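Chemist: query21.cif (mmCIF, C-alpha atoms) pasted underneath:
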data_model
#
loop_
_atom_site.label_atom_id
_atom_site.label_comp_id
_atom_site.auth_asym_id
_atom_site.auth_seq_id
_atom_site.Cartn_x
_atom_site.Cartn_y
_atom_site.Cartn_z
CA MET A 280 -10.85 29.12 -13.30
CA SER A 281 -10.24 27.13 -16.50
CA THR A 282 -12.98 25.41 -18.47
CA ARG A 283 -11.37 22.07 -17.70
CA ARG A 284 -11.60 22.77 -13.98
CA TRP A 285 -15.23 23.90 -14.31
CA LEU A 286 -16.00 20.68 -16.15
CA ALA A 287 -14.39 18.71 -13.34
CA VAL A 288 -16.39 20.62 -10.76
CA ALA A 289 -19.52 20.10 -12.81
CA LEU A 290 -18.97 16.34 -12.94
CA VAL A 291 -18.52 16.06 -9.20
CA ALA A 292 -21.24 18.57 -8.54
CA GLY A 293 -23.64 16.71 -10.81
CA ALA A 294 -23.05 13.46 -8.98
CA VAL A 295 -23.56 15.05 -5.61
CA ALA A 296 -26.59 16.95 -6.83
CA GLN A 297 -28.23 13.73 -7.95
CA ALA A 298 -27.95 12.42 -4.43
CA HIS A 299 -28.62 15.48 -2.39
CA ALA A 300 -29.86 18.29 -4.65
CA GLN A 301 -28.22 20.75 -2.33
CA ALA A 302 -24.82 22.22 -1.60
CA PRO A 303 -22.46 20.75 0.94
CA ALA A 304 -22.78 22.15 4.42
CA GLU A 305 -20.56 25.10 5.26
CA GLY A 306 -17.03 24.05 6.17
CA ILE A 307 -17.28 20.62 4.53
CA GLN A 308 -15.14 19.72 1.53
CA VAL A 309 -15.67 16.66 -0.67
CA ARG A 310 -12.50 15.51 -2.45
CA LEU A 311 -12.03 13.00 -5.26
CA SER A 312 -8.68 11.58 -6.35
CA GLY A 313 -7.11 8.42 -7.73
CA HIS A 314 -4.61 6.89 -10.10
CA ILE A 315 -4.20 4.33 -12.87
CA ASN A 316 -1.17 2.05 -12.68
CA ARG A 317 -0.41 -0.20 -15.65
CA ALA A 318 2.60 -2.19 -16.78
CA LEU A 319 3.99 -4.78 -19.14
CA MET A 320 5.34 -7.74 -17.17
CA HIS A 321 7.58 -10.33 -18.81
CA VAL A 322 7.91 -13.66 -17.02
CA ASP A 323 10.27 -16.57 -17.64
CA ASP A 324 9.84 -19.61 -15.37
CA GLY A 325 12.49 -21.80 -16.98
CA ALA A 326 10.06 -23.63 -19.27
CA GLU A 327 7.75 -20.93 -20.55
CA SER A 328 7.98 -17.20 -21.07
CA ASP A 329 5.44 -14.57 -22.00
CA THR A 330 4.54 -10.92 -21.57
CA PHE A 331 1.45 -9.83 -19.65
CA ASN A 332 -0.43 -6.52 -19.66
CA VAL A 333 -1.12 -6.00 -15.95
CA ASP A 334 -2.35 -3.66 -13.27
CA ASN A 335 0.60 -3.10 -10.91
CA ALA A 336 -0.60 -4.50 -7.57
CA ASN A 337 2.19 -2.65 -5.74
CA SER A 338 -0.22 0.29 -5.99
CA SER A 339 -3.40 -0.93 -7.68
CA THR A 340 -5.59 1.30 -9.85
CA ARG A 341 -8.03 3.03 -7.49
CA PHE A 342 -10.14 6.06 -6.72
CA ARG A 343 -11.14 7.75 -3.50
CA PHE A 344 -13.76 10.07 -2.08
CA ASN A 345 -13.08 11.68 1.23
CA ALA A 346 -14.73 14.48 3.13
CA ASP A 347 -14.57 15.99 6.55
CA GLY A 348 -15.95 18.95 8.42
CA PRO A 349 -16.32 20.50 11.85
CA ALA A 350 -18.30 18.43 14.34
CA GLY A 351 -18.33 20.88 17.25
CA ALA A 352 -16.26 21.04 20.42
CA GLY A 353 -13.04 21.18 18.39
CA LEU A 354 -13.76 17.87 16.68
CA ARG A 355 -13.88 16.97 13.01
CA ALA A 356 -15.84 14.11 11.48
CA GLY A 357 -15.73 12.64 8.02
CA ILE A 358 -15.73 9.74 5.62
CA LEU A 359 -13.22 7.88 3.49
CA PHE A 360 -14.40 5.75 0.57
CA GLU A 361 -11.71 4.07 -1.50
CA ALA A 362 -12.09 1.22 -3.99
CA GLN A 363 -9.69 -0.47 -6.40
CA PHE A 364 -10.50 -1.62 -9.92
CA GLN A 365 -7.88 -4.00 -11.27
CA SER A 366 -7.91 -5.68 -14.66
CA ASN A 367 -5.22 -8.40 -14.84
CA SER A 368 -3.67 -7.78 -11.45
CA SER A 369 0.07 -8.43 -11.48
CA SER A 370 -0.40 -10.54 -8.34
CA ALA A 371 -3.07 -12.77 -9.90
CA VAL A 372 -2.11 -13.54 -13.50
CA SER A 373 -0.20 -16.71 -14.35
CA PHE A 374 0.54 -18.91 -17.36
CA SER A 375 -2.68 -20.80 -16.68
CA ASP A 376 -4.75 -17.66 -16.08
CA ARG A 377 -3.55 -14.99 -18.47
CA SER A 378 -6.62 -12.76 -18.49
CA ILE A 379 -8.54 -11.77 -15.36
CA ASP A 380 -11.64 -9.58 -15.56
CA ALA A 381 -11.63 -6.34 -13.63
CA GLU A 382 -13.62 -6.21 -10.44
CA LEU A 383 -14.36 -3.45 -8.01
CA THR A 384 -13.07 -4.35 -4.57
CA GLU A 385 -13.25 -2.50 -1.29
CA ARG A 386 -10.33 -0.81 0.39
CA HIS A 387 -11.82 1.78 2.73
CA MET A 388 -15.44 2.45 3.71
CA ASP A 389 -14.78 4.45 6.80
CA ILE A 390 -16.31 7.05 9.04
CA PHE A 391 -14.09 8.84 11.50
CA LEU A 392 -14.02 11.34 14.34
CA THR A 393 -10.81 13.16 15.15
CA GLY A 394 -9.73 15.66 17.78
CA GLY A 395 -7.23 16.26 20.56
CA PHE A 396 -7.87 12.75 21.89
CA GLY A 397 -6.72 11.15 18.64
CA THR A 398 -8.81 9.51 15.92
CA VAL A 399 -11.50 6.84 16.02
CA ARG A 400 -12.40 5.03 12.78
CA LEU A 401 -15.34 2.71 12.19
CA GLY A 402 -15.86 0.55 9.10
CA GLN A 403 -13.79 -1.23 6.47
CA GLY A 404 -10.18 -0.10 6.42
CA ASP A 405 -6.63 -0.61 7.58
CA GLY A 406 -6.14 -2.63 10.71
CA ALA A 407 -3.84 -1.08 13.30
CA ALA A 408 -0.77 -2.95 12.03
CA ASN A 409 -1.47 -2.91 8.30
CA GLY A 410 1.64 -1.75 6.46
CA ALA A 411 3.87 -2.03 9.54
CA SER A 412 6.18 -4.37 7.62
CA GLU A 413 6.21 -2.11 4.55
CA VAL A 414 7.63 1.22 5.71
CA ASP A 415 9.90 2.34 2.88
CA LEU A 416 11.54 5.72 2.15
CA SER A 417 13.44 4.60 -0.96
CA GLY A 418 11.11 6.22 -3.48
CA THR A 419 11.04 2.93 -5.44
CA SER A 420 8.20 1.08 -3.68
CA LEU A 421 6.13 1.57 -6.83
CA ALA A 422 8.58 -0.85 -8.53
CA HIS A 423 9.43 -3.13 -5.61
CA TYR A 424 9.00 -3.31 -1.86
CA ALA A 425 8.66 -5.86 0.93
CA ALA A 426 5.50 -7.41 -0.53
CA SER A 427 7.31 -8.99 -3.51
CA PRO A 428 4.40 -11.35 -4.43
CA ASP A 429 2.39 -8.30 -5.48
CA ILE A 430 4.32 -8.79 -8.71
CA GLY A 431 3.92 -12.33 -10.00
CA GLY A 432 2.76 -13.96 -6.78
CA ALA A 433 0.46 -16.40 -8.61
CA PHE A 434 3.21 -17.95 -10.73
CA GLN A 435 4.23 -21.49 -9.80
CA TYR A 436 7.73 -22.90 -9.62
CA ARG A 437 8.41 -25.67 -12.10
CA THR A 438 10.02 -29.07 -11.60
CA GLY A 439 11.51 -29.45 -15.05
CA SER A 440 8.66 -28.55 -17.38
CA ALA A 441 5.81 -29.45 -14.97
CA LEU A 442 4.11 -26.97 -12.67
CA SER A 443 4.82 -27.82 -9.04
CA GLY A 444 1.69 -26.31 -7.50
CA ILE A 445 3.92 -24.13 -5.30
CA ARG A 446 3.09 -20.44 -5.84
CA ILE A 447 5.55 -17.63 -5.13
CA ALA A 448 2.99 -15.94 -2.87
CA ASP A 449 2.84 -18.99 -0.59
CA THR A 450 6.60 -19.05 -0.04
CA ILE A 451 7.72 -15.44 0.46
CA SER A 452 4.84 -13.40 1.84
CA ASN A 453 5.84 -10.41 3.94
CA GLN A 454 3.07 -11.55 6.37
CA ASP A 455 1.83 -8.01 6.78
CA PHE A 456 -0.53 -8.69 9.66
CA ALA A 457 -4.31 -8.68 8.96
CA SER A 458 -4.44 -6.07 6.18
CA ARG A 459 -7.88 -4.40 5.90
CA TYR A 460 -11.14 -5.60 7.46
CA ASP A 461 -14.31 -4.38 9.20
CA ARG A 462 -13.05 -2.94 12.45
CA VAL A 463 -13.04 -0.22 15.07
CA LEU A 464 -9.65 1.53 15.23
CA TYR A 465 -8.22 4.04 17.68
CA GLN A 466 -5.15 6.09 16.77
CA THR A 467 -3.38 8.24 19.37
CA PRO A 468 -2.27 11.80 18.64
CA SER A 469 1.36 12.11 17.55
CA PHE A 470 3.81 12.26 20.47
CA ASN A 471 7.05 13.62 19.04
CA GLY A 472 6.47 11.57 15.90
CA PHE A 473 5.22 8.41 17.63
CA ILE A 474 1.68 7.20 16.98
CA GLY A 475 0.02 4.21 18.65
CA GLU A 476 -2.84 2.29 17.08
CA VAL A 477 -5.15 -0.47 18.23
CA SER A 478 -7.99 -2.14 16.34
CA TRP A 479 -10.57 -4.86 16.79
CA GLY A 480 -12.68 -6.38 14.04
CA HIS A 481 -13.63 -9.35 11.97
CA LYS A 482 -12.52 -10.90 8.67
CA GLU A 483 -12.82 -14.68 8.52
CA THR A 484 -12.43 -14.65 12.31
CA ASP A 485 -12.15 -12.05 15.05
CA ILE A 486 -8.96 -9.98 14.80
CA GLY A 487 -7.09 -7.82 17.31
CA GLU A 488 -4.11 -5.67 16.32
CA ILE A 489 -1.76 -3.18 17.91
CA ALA A 490 1.04 -1.09 16.40
CA LEU A 491 3.51 1.66 17.19
CA ARG A 492 4.66 3.90 14.34
CA TYR A 493 7.29 6.58 14.03
CA SER A 494 8.22 9.10 11.35
CA GLY A 495 10.44 12.13 11.63
CA LYS A 496 13.56 14.05 10.68
CA ILE A 497 16.64 13.26 12.76
CA GLY A 498 18.65 16.40 12.17
CA ALA A 499 21.62 16.06 9.83
CA LEU A 500 21.04 12.32 9.58
CA GLY A 501 17.96 12.76 7.41
CA MET A 502 14.61 11.05 7.85
CA LEU A 503 13.68 7.90 9.72
CA ALA A 504 10.39 6.00 9.65
CA GLY A 505 9.40 2.69 11.13
CA ALA A 506 6.70 0.62 12.72
CA VAL A 507 6.27 -2.45 14.88
CA GLY A 508 3.03 -4.40 15.00
CA TYR A 509 1.27 -7.46 16.37
CA SER A 510 -1.87 -9.11 15.07
CA ASN A 511 -3.92 -12.05 16.25
CA ALA A 512 -6.63 -13.62 14.10
CA TYR A 513 -8.36 -15.77 16.69
CA ALA A 514 -9.25 -19.37 15.90
CA PRO A 515 -13.04 -19.74 15.50
CA GLU A 516 -14.81 -20.95 18.63
CA ASP A 517 -16.35 -23.82 16.69
CA ALA A 518 -13.02 -24.84 15.14
CA GLY A 519 -11.91 -28.39 15.70
CA PRO A 520 -9.09 -29.49 18.00
CA GLY A 521 -5.65 -28.41 16.90
CA SER A 522 -6.75 -25.13 15.35
CA THR A 523 -4.68 -22.22 16.57
CA ASP A 524 -4.70 -18.45 16.57
CA ASP A 525 -2.96 -16.84 13.59
CA LYS A 526 -0.41 -14.51 15.19
CA VAL A 527 2.05 -12.22 13.41
CA ILE A 528 4.69 -10.01 15.01
CA GLY A 529 7.27 -7.81 13.34
CA GLY A 530 7.97 -4.47 11.79
CA SER A 531 10.08 -2.43 9.44
CA ILE A 532 12.39 0.57 9.52
CA SER A 533 13.64 2.85 6.75
CA TRP A 534 16.29 5.56 6.79
CA LEU A 535 16.81 8.25 4.14
CA HIS A 536 20.06 10.22 4.37
CA PRO A 537 20.05 13.82 3.02
CA THR A 538 22.42 12.68 0.24
CA GLY A 539 19.64 10.40 -1.06
CA PHE A 540 21.23 7.17 0.14
CA ASN A 541 18.63 5.01 1.88
CA LEU A 542 18.31 1.69 3.72
CA THR A 543 15.22 -0.36 4.57
CA PHE A 544 14.79 -3.45 6.71
CA ALA A 545 11.73 -5.53 7.57
CA HIS A 546 11.11 -8.72 9.51
CA THR A 547 7.97 -10.65 10.48
CA THR A 548 7.28 -13.96 12.18
CA ARG A 549 3.99 -15.82 11.89
CA ASP A 550 2.74 -18.69 14.05
CA LEU A 551 1.95 -21.59 11.74
CA PRO A 552 0.97 -25.14 12.76
CA GLY A 553 4.17 -26.79 13.98
CA ARG A 554 6.50 -24.02 12.78
CA ASP A 555 7.14 -20.29 12.50
CA GLY A 556 6.93 -18.70 9.07
CA LYS A 557 9.64 -16.05 8.83
CA PHE A 558 10.24 -13.17 6.47
CA SER A 559 13.22 -10.81 6.25
CA TYR A 560 13.85 -8.01 3.79
CA PHE A 561 16.74 -5.67 2.99
CA LYS A 562 16.82 -2.78 0.55
CA ALA A 563 19.48 -0.22 -0.31
CA GLY A 564 18.84 2.66 -2.64
CA TYR A 565 19.69 6.10 -3.86
CA LYS A 566 17.37 8.88 -4.95
CA THR A 567 18.12 12.26 -6.40
CA GLY A 568 15.81 14.71 -8.07
CA ARG A 569 13.38 12.82 -10.27
CA HIS A 570 15.25 9.50 -10.09
CA ALA A 571 15.28 6.71 -7.52
CA ILE A 572 17.01 3.35 -7.81
CA SER A 573 17.38 0.46 -5.38
CA ILE A 574 18.36 -3.16 -4.97
CA ASP A 575 16.57 -5.52 -2.60
CA TYR A 576 16.87 -8.98 -1.14
CA GLY A 577 14.07 -10.88 0.61
CA MET A 578 13.90 -14.23 2.36
CA GLY A 579 10.89 -16.34 3.25
CA ASP A 580 11.60 -19.33 5.50
CA ASP A 581 9.25 -22.18 6.42
CA GLN A 582 6.20 -20.40 5.04
CA ALA A 583 4.61 -22.94 2.66
CA ALA A 584 6.34 -25.94 4.23
CA SER A 585 8.88 -26.63 6.94
CA GLY A 586 12.41 -26.27 5.56
CA ASP A 587 11.44 -24.06 2.62
CA GLU A 588 13.91 -21.30 1.76
CA ALA A 589 12.50 -18.78 -0.71
CA LYS A 590 14.50 -15.82 -1.90
CA VAL A 591 13.97 -12.77 -4.09
CA TYR A 592 16.66 -10.53 -5.60
CA GLY A 593 15.57 -7.35 -7.34
CA ILE A 594 16.57 -4.03 -8.82
CA GLY A 595 14.02 -1.26 -9.28
CA TYR A 596 13.98 2.20 -10.78
CA VAL A 597 11.41 5.01 -10.64
CA PHE A 598 11.52 8.17 -12.75
CA VAL A 599 9.13 11.13 -12.34
CA PRO A 600 9.08 12.90 -15.75
CA ILE A 601 6.09 15.08 -14.83
CA ALA A 602 4.57 15.78 -11.45
CA TRP A 603 1.49 13.62 -12.04
CA ALA A 604 3.17 10.62 -13.67
CA GLU A 605 5.82 8.12 -12.67
CA VAL A 606 7.61 5.58 -14.86
CA PHE A 607 9.00 2.45 -13.23
CA ALA A 608 11.11 -0.56 -14.16
CA LEU A 609 11.83 -3.75 -12.25
CA TYR A 610 13.92 -6.85 -12.68
CA LYS A 611 13.71 -9.58 -10.06
CA LEU A 612 14.54 -13.24 -9.60
CA HIS A 613 12.62 -15.66 -7.34
CA THR A 614 14.18 -18.90 -6.11
CA LEU A 615 12.94 -21.67 -3.84
CA ASP A 616 14.95 -24.39 -2.12
CA ARG A 617 12.80 -27.31 -0.97
CA SER A 618 14.22 -30.58 0.26
CA GLY A 619 14.01 -33.38 -2.30
CA VAL A 620 12.74 -31.20 -5.16
CA SER A 621 14.61 -29.37 -7.90
CA LEU A 622 12.75 -26.19 -8.80
CA GLU A 623 13.40 -23.72 -11.60
CA ASP A 624 14.03 -20.04 -10.82
CA ILE A 625 11.49 -17.47 -12.07
CA ASN A 626 12.57 -14.20 -13.72
CA PHE A 627 10.45 -11.07 -13.98
CA PHE A 628 10.92 -7.87 -15.90
CA MET A 629 8.34 -5.11 -15.64
CA LEU A 630 8.01 -1.67 -17.20
CA GLY A 631 5.06 0.64 -16.58
CA SER A 632 3.64 3.92 -15.40
CA ARG A 633 1.36 5.28 -12.66
CA VAL A 634 -0.66 8.34 -13.61
CA LYS A 635 -2.49 10.27 -10.95
CA PHE A 636 -5.71 11.84 -12.12
CA MET B 173 15.36 -7.75 15.75
CA ARG B 174 12.38 -6.30 17.60
CA ARG B 175 14.75 -4.76 20.16
CA VAL B 176 16.73 -3.10 17.38
CA LEU B 177 13.55 -1.65 15.89
CA VAL B 178 12.18 -0.39 19.20
CA VAL B 179 15.51 1.09 20.35
CA SER B 180 16.03 2.79 16.97
CA LEU B 181 12.58 4.30 17.07
CA LEU B 182 12.98 5.50 20.66
CA LEU B 183 16.40 7.03 19.93
CA ALA B 184 14.97 8.76 16.89
CA GLY B 185 12.20 10.27 18.94
CA CYS B 186 14.61 11.92 21.35
CA ALA B 187 15.91 14.55 18.93
CA ALA B 188 13.56 14.53 16.01
CA GLU B 189 11.12 16.68 14.14
CA PRO B 190 7.93 14.71 13.41
CA VAL B 191 7.13 14.36 9.72
CA PRO B 192 4.05 12.40 8.58
CA TYR B 193 4.89 9.25 6.64
CA HIS B 194 3.19 8.72 3.30
CA SER B 195 3.51 5.31 1.70
CA GLY B 196 4.62 5.28 -1.93
CA ASN B 197 2.04 2.55 -2.53
CA GLU B 198 -0.91 4.84 -1.74
CA ILE B 199 -2.40 7.51 -4.02
CA PRO B 200 0.49 9.95 -4.51
CA ARG B 201 0.44 13.42 -3.06
CA GLY B 202 0.76 16.34 -5.43
CA PRO B 203 -0.80 17.33 -8.73
CA GLY B 204 -3.05 15.21 -10.93
CA LEU B 205 -3.55 15.02 -14.69
CA LEU B 206 -7.18 16.19 -14.47
CA THR B 207 -7.26 17.68 -11.01
CA GLY B 208 -4.43 20.16 -11.48
CA PRO B 209 -2.06 21.40 -8.78
CA SER B 210 -4.26 20.33 -5.83
CA GLY B 211 -4.41 16.72 -7.02
CA GLU B 212 -8.06 16.48 -5.96
CA PHE B 213 -11.43 17.50 -7.27
CA VAL B 214 -12.67 19.62 -4.38
CA LEU B 215 -16.31 20.43 -3.84
CA SER B 216 -17.12 22.84 -1.04
CA ALA B 217 -20.02 25.17 -0.29
CA ASP B 218 -17.99 28.03 -1.72
CA GLU B 219 -17.05 26.04 -4.83
CA TRP B 220 -20.70 25.03 -5.29
CA ARG B 221 -21.84 28.64 -5.10
CA ARG B 222 -19.25 29.69 -7.72
CA TYR B 223 -20.30 26.80 -9.94
CA GLN B 224 -23.96 27.88 -9.74
CA GLU B 225 -22.95 31.44 -10.63
CA TRP B 226 -20.86 30.18 -13.58
CA LYS B 227 -23.74 27.94 -14.75
CA ALA B 228 -26.23 30.83 -14.52
CA GLY B 229 -23.85 33.07 -16.46
CA ALA B 230 -23.34 30.44 -19.17
CA LYS B 231 -27.08 30.25 -20.00
#
Just give me the structure as structure tokens.

Modeler:
Amino acid sequence: MSTRRWLAVALVAGAVAQAHAQAPAEGIQVRLSGHINRALMHVDDGAESDTFNVDNANSSTRFRFNADGPAGAGLRAGILFEAQFQSNSSSAVSFSDRSIDAELTERHMDIFLTGGFGTVRLGQGDGAANGASEVDLSGTSLAHYAASPDIGGAFQYRTGSALSGIRIADTISNQDFASRYDRVLYQTPSFNGFIGEVSWGHKETDIGEIALRYSGKIGALGMLAGAVGYSNAYAPEDAGPGSTDDKVIGGSISWLHPTGFNLTFAHTTRDLPGRDGKFSYFKAGYKTGRHAISIDYGMGDDQAASGDEAKVYGIGYVFVPIAWAEVFALYKLHTLDRSGVSLEDINFFMLGSRVKF
Amino acid sequence: MRRVLVVSLLLAGCAAEPVPYHSGNEIPRGPGLLTGPSGEFVLSADEWRRYQEWKAGAK
């Protein structure tokens, strides 16, 4: 074992020893991993342009501890702790807020029990449908994927030289259900590649979610993955008249042919007061060896206001020069059509790298 | 749209080999800069015992 590896073991061992002053129980492994994901993002909104040093929110800088071990009767139990630490998140910076301090935010604080019956999770983590609109086999989701506001979502469209107050994120969200929250989740075993999930928990209000996922090889046709989901964030019991449940339904599907050609499609619909907010997304790509490239097109209708038509056009590229590092590049254009207002398009160019440690 | 998704998924399941899906937006699988080929710092009872032996030998 190399000195470097011993040093790594010593660091982890030292931390654990501080807390427990004893070795892990037989059969239990504690694992630590993470990555740093940084980029330069150039933005031009028609009146102003600048370059930002950002954390790529497509896959934010994060670290993770996880551990599991035998729990008797053929069961395994364990924990998952994952937090993100973003300085200047690409989804949060804007011309009026160019520098945002890093903060540690929760992703997963989970305990779980798994066996032949499936898996039960308790704590902070993915809801059953989280990510169901983001299934993507293109190999370029580090550069761009269905959640386009992860890059530049806080920037506002301009009317001439004035900011309109309309943010990209409010007009073309992929409406990916209820994300992560404090919940109880049950996941079925895999049935020929199909997995069902259901969760119940609380964020601002009570939330129920259900999803069906699939992933598998389909012979000579390559690989197919997809998911459909439904979430309901219930209106608070003490909410005034007119308040409604926040319901989202939709899914995504992605196909990767053995030649490297790939297609991805996503669609979600969200119940909003007096209208349905809709999102649709198409992506076509090609990946070979260490390279992956794709073009995408997304539409957000009636999300921020009735009649809104937001669009995003993008081209992304990911290169893997070494096994633990990826380099990515993105160009994309956001547009918004709103009745009675003339809004400038917003251009983005981003170049960066994700390094797994 | 939902019908297309459900039918596609069901058809796929009829003649498919399950493969776990790993999102490209999560921590990547594979090696790490510091962690080496495994991509993870791993601490187990066995690893702990070897570390203690190495530490004792280094004194």

Chemist: Which polymer residues, whether protein, DNA or RNA, lie within 9 Å of the coordinate (-13.7, 9.9, 10.7) when you count all atoms listed in the file? List them as a list of chain:residue names, using the chain letters and numbers from the file.

Modeler: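 Those residues, ordered by chain and then number, are A:Ala346, A:Asp347, A:Arg355, A:Ala356, A:Gly357, A:Ile358, A:Leu359, A:Asp389, A:Ile390, A:Phe391, A:Leu392, A:Thr393, A:Thr398, A:Val399, A:Arg400, A:Leu401.
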
Chemist: I'd like the interatomic distance between atom CA of Thr538 of chain A and atom CA of Ala411 of chain A, to a tenth of an Å.

Modeler: 25.4 Å

Chemist: Rank A:Asp517, A:Asp580, A:Glu385, A:Glu605 by their smallest atom-to-atom distance to chain B, using only C-alpha atoms, and report the top residue only.

Modeler: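 Ranked by minimum distance to chain B, first place goes to A:Glu605.
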
Chemist: Show me, as a list in words, the residues that have an atom within 8 Å of Pro190 of chain B when counting all atoms listed in the file, minus same-chain residues fewer than 5 positions from it.

Modeler: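 Non-adjacent residues within range: Asn471, Gly472, Ser494, Gly495 and Lys496 of chain A.
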
Chemist: Given the choices A:Leu464, A:Ala426, A:Val606, A:Val507, which gets closest to Ser632 of chain A if the distance is worked out from all atoms listed in the file?

Modeler: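 For Ser632 of chain A, the nearest of the candidates is A:Val606.
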
Chemist: Which residues are near Ser452 of chain A? Cut-off 7 Å, only C-alpha atoms, ignore same chain within fewer than 3 positions. Put them as a short mmCIF file (atom, residue, chain, number, x, y, z; two decimals) with C-alpha atoms, in the coordinates of the input.

Modeler:
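And here is the file that came out, around.cif:
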data_model
loop_
_atom_site.label_atom_id
_atom_site.label_comp_id
_atom_site.auth_asym_id
_atom_site.auth_seq_id
_atom_site.Cartn_x
_atom_site.Cartn_y
_atom_site.Cartn_z
CA ALA A 426 5.50 -7.41 -0.53
CA PRO A 428 4.40 -11.35 -4.43
CA ALA A 448 2.99 -15.94 -2.87
CA ASP A 449 2.84 -18.99 -0.59
CA GLY A 579 10.89 -16.34 3.25
#

Chemist: With the PyMOL selection byres ((chain B and resi 204) around 12) as the selection, what would be picked from this file? Answer as a ChimeraX atom specification, please.

Modeler: /A:284,311-315,601-605,633-636 /B:199-203,205-213

Chemist: Could you work out how far atom CA of Leu612 of chain A lies from atom CA of Ala326 of chain A, giving the answer in Å with one decimal?

Modeler: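 It comes out at 14.9 Å.
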
Chemist: Do a neighbour search on segment 548-552 of chain A at 12 Å with only C-alpha atoms, toss out local chain neighbours closer than 5 positions, and write the hits as a ChimeraX atom specification.

Modeler: /A:412,451-457,507-513,521-530,557-559,578-585 /B:173-174

Chemist: Just to confirm, what's the straight-line distance from atom CA of Val414 of chain A to atom CA of Ser531 of chain A in Å (one decimal)?

Modeler: 5.8 Å

Chemist: Suppose a student applies the PyMOL selection byres ((chain A and resi 374) around 9) to this structure; what residues should they get, written as a compact mmCIF listing (two decimals) with C-alpha atoms, in the frame of the given file?

Modeler:
# COMPACT_ATOMS: atom_id res chain seq x y z
CA GLU A 327 7.75 -20.93 -20.55
CA SER A 328 7.98 -17.20 -21.07
CA ASP A 329 5.44 -14.57 -22.00
CA VAL A 372 -2.11 -13.54 -13.50
CA SER A 373 -0.20 -16.71 -14.35
CA SER A 375 -2.68 -20.80 -16.68
CA ASP A 376 -4.75 -17.66 -16.08
CA ARG A 377 -3.55 -14.99 -18.47
CA PHE A 434 3.21 -17.95 -10.73
CA GLN A 435 4.23 -21.49 -9.80
